[in-house]
Amino acid sequence: MPIFSPTEITDNYMKASVGKAESPAWRLFILAVAAGLLIGLGGVTSSTAAHALDNAGMVRLVSGLIFPVGLMMVILMGTELFTGNALMITAALDGRITWGRLLRNWGIVFAGNLVGAVALAACMAFFGQLNIGGGDLAVYTAMVGAAKSSMPWMNAFVLGIFCNLMVCIAVYQANTAQDTAGRILGIFFPIMGFVLAGFEHCVADMYYVPAGIFAYLNPAYTGMIDAAGVNTAVLTFGQFVTANLIPVTLGNIVGGVLVGLTMYACHRTKTKKD
């Protein structure tokens with residue numbers, strides 16, 4: 001089956017962005033909650049598989065092999081993901097949607113992603129999923145959350161840029177294909193790559209960090225997490241927002257916009273005015 005060219009993908013995405021921009025707020029929000037949940041499930045499954053491994057390289061490899069299932073579900077189910085929607089800037093640049101509509105979409109989708117991911121984190125922490133390994137998964141979850149909430153601000157920002165470069169490339173590659181297998185293959189390798197590299201994705205972190213916070217708040221795991229020497233001082237929602245969510249989100253916007261600007265400048269269908 002033939003694939004879409006970069007020019008066709010850019011034009012198709014701009015057309016799809018019009019529908020995204022004009023979608024009712026309630027629909028956007030529901031689809032965004034679903035996307036936050038699905039990306040979070042990628043985090044749940046990858047953490048569960050990797051939590052008992054001692055070698056850091058193997059942890060990243062196993063996580064990278066499994067985490068892409070989250071974006072696969074997001075794209076194939078037609079949900080709304082904030083990081084991918086950074087590519088809507090192409091439609092704004094082309095005059096197909098207003099900048100106000102673009103920001104409206106981003107705001108609603110970001111809020112919905114946050115609700116879905118945090119709700120999933122609470123369910124995993126308080127209803128037994130973190131019991132795996134006799135609570136070792138809870139300790140691992142808290143360690144991941146603490147690490148993400150304690151990195152330098154600029155590190156989180158820069159890692160966010162490179163993460164969404166790869167996520168938006170995955171979205172583009174998925175849209176080259178006209179069949180399910182091709183779309184899955186287009187998604188898999190860039191997402192595996194960003195996980196292997198340790199880049200930062202704001203929606204994934206909406207699951208990882210709250211899950212670590214909730215794990216520590218659950219009395220069943222508090223003592224184990226303390227005994228493991230986790231830096232629990234950073235496991236607060238205030239620290240999460242200021243040290244992780246803000247810089248990673250800004251970096252993700254920059255990374256996604258860079259991909260969108262490049263594709264718009266080089267691959268959109270030229271008109272007479274160009």
# chains A, B, ... in the order shown; residues from 1 in each chain; ligands from 1

$ residues_around --residues "range 47-51 of chain A" --least-positions-apart "6" --cutoff "7 Å" --atoms "only C-alpha atoms" --output "PyMOL selection string"
chain A and resi 59+62-63+137+140

$ residues_around --residues "range 131-133 of chain A" --least-positions-apart "2" --cutoff "12 Å" --atoms "only C-alpha atoms" --output "list in words"
Val44, Thr45, Ser47, Thr48, Ala49, Ala50, His51, Ala52, Leu53, Met124, Ala125, Phe126, Phe127, Gly128, Gln129, Gly135, Asp136, Leu137, Ala138, Val139, Tyr140, Thr141, Ala215, Asn218, Ala220, Tyr221 and Met224 of chain A

$ closest_residue --among "A:Asn164, A:Thr269, A:Ser46, A:Ser150" --to "Ile9 in chain A" --atoms "only C-alpha atoms"
A:Thr269

$ residues_around --residues "range 23-36 of chain A" --least-positions-apart "3" --cutoff "7 Å" --atoms "only C-alpha atoms" --output "ChimeraX atom specification"
/A:19-20,39-40,74,79-81,108-109,112-117,203

$ atom_distance --atom1 "CA of Ala174 in chain A" --atom2 "CA of Pro190 in chain A"
10.5 Å

$ residues_around --residues "Gly238 in chain A" --least-positions-apart "3" --cutoff "12 Å" --atoms "only C-alpha atoms" --output "ChimeraX atom specification"
/A:149-150,209-210,213,233-235,241-246

$ write_last_selection --atoms "N, CA, C and O atoms" --output "compact mmCIF listing (two decimals), in the first residue's frame"
# COMPACT_ATOMS: atom_id res chain seq x y z
N SER A 149 11.06 15.09 39.74
CA SER A 149 10.74 16.35 40.43
C SER A 149 11.97 17.04 41.01
O SER A 149 11.83 18.09 41.63
N SER A 150 13.14 16.46 40.84
CA SER A 150 14.33 17.05 41.44
C SER A 150 15.41 17.40 40.42
O SER A 150 16.50 17.82 40.79
N VAL A 209 4.82 11.29 38.11
CA VAL A 209 5.08 12.02 39.36
C VAL A 209 3.91 11.91 40.34
O VAL A 209 4.12 11.58 41.51
N PRO A 210 2.66 12.16 39.93
CA PRO A 210 1.56 11.93 40.87
C PRO A 210 1.49 10.50 41.38
O PRO A 210 1.15 10.28 42.55
N ILE A 213 3.84 10.38 44.18
CA ILE A 213 3.29 11.12 45.33
C ILE A 213 2.24 10.27 46.04
O ILE A 213 2.25 10.12 47.27
N ALA A 233 11.05 14.49 50.10
CA ALA A 233 10.78 15.93 50.25
C ALA A 233 10.29 16.54 48.94
O ALA A 233 9.58 17.56 48.96
N VAL A 234 10.66 15.94 47.81
CA VAL A 234 10.25 16.50 46.52
C VAL A 234 8.95 15.88 46.01
O VAL A 234 8.47 16.26 44.94
N LEU A 235 8.39 14.95 46.77
CA LEU A 235 7.14 14.31 46.34
C LEU A 235 5.94 15.11 46.81
O LEU A 235 5.15 14.69 47.66
N VAL A 241 4.76 20.69 39.96
CA VAL A 241 4.38 21.73 39.00
C VAL A 241 5.55 22.63 38.65
O VAL A 241 5.83 22.91 37.48
N THR A 242 6.27 23.11 39.67
CA THR A 242 7.32 24.10 39.42
C THR A 242 8.60 23.50 38.85
O THR A 242 9.25 24.12 37.99
N ALA A 243 8.97 22.31 39.29
CA ALA A 243 10.25 21.73 38.88
C ALA A 243 10.13 20.80 37.68
O ALA A 243 11.14 20.51 37.03
N ASN A 244 8.93 20.32 37.40
CA ASN A 244 8.77 19.36 36.31
C ASN A 244 7.74 19.81 35.28
O ASN A 244 8.06 20.00 34.10
N LEU A 245 6.50 19.99 35.70
CA LEU A 245 5.43 20.20 34.73
C LEU A 245 5.63 21.46 33.91
O LEU A 245 5.46 21.44 32.67
N ILE A 246 6.00 22.57 34.54
CA ILE A 246 6.17 23.82 33.79
C ILE A 246 7.34 23.73 32.81
O ILE A 246 7.15 23.98 31.60

$ atom_distance --atom1 "CA of Ala86 in chain A" --atom2 "CA of Gly64 in chain A"
22.7 Å

$ closest_residue --among "A:Pro152, A:Val18, A:Ala146, A:Met77" --to "Thr98 in chain A" --atoms "only C-alpha atoms"
A:Val18

$ select_by_dssp --residues "range 12-82 of chain A" --states "alpha helix (DSSP H)" --output "MDAnalysis selection string"
chainID A and resid 12:22 25:50 56:66 69:76

$ closest_residue --among "A:Asn155, A:Asn85, A:Leu76, A:Tyr216" --to "Ile184 in chain A" --atoms "only C-alpha atoms"
A:Leu76
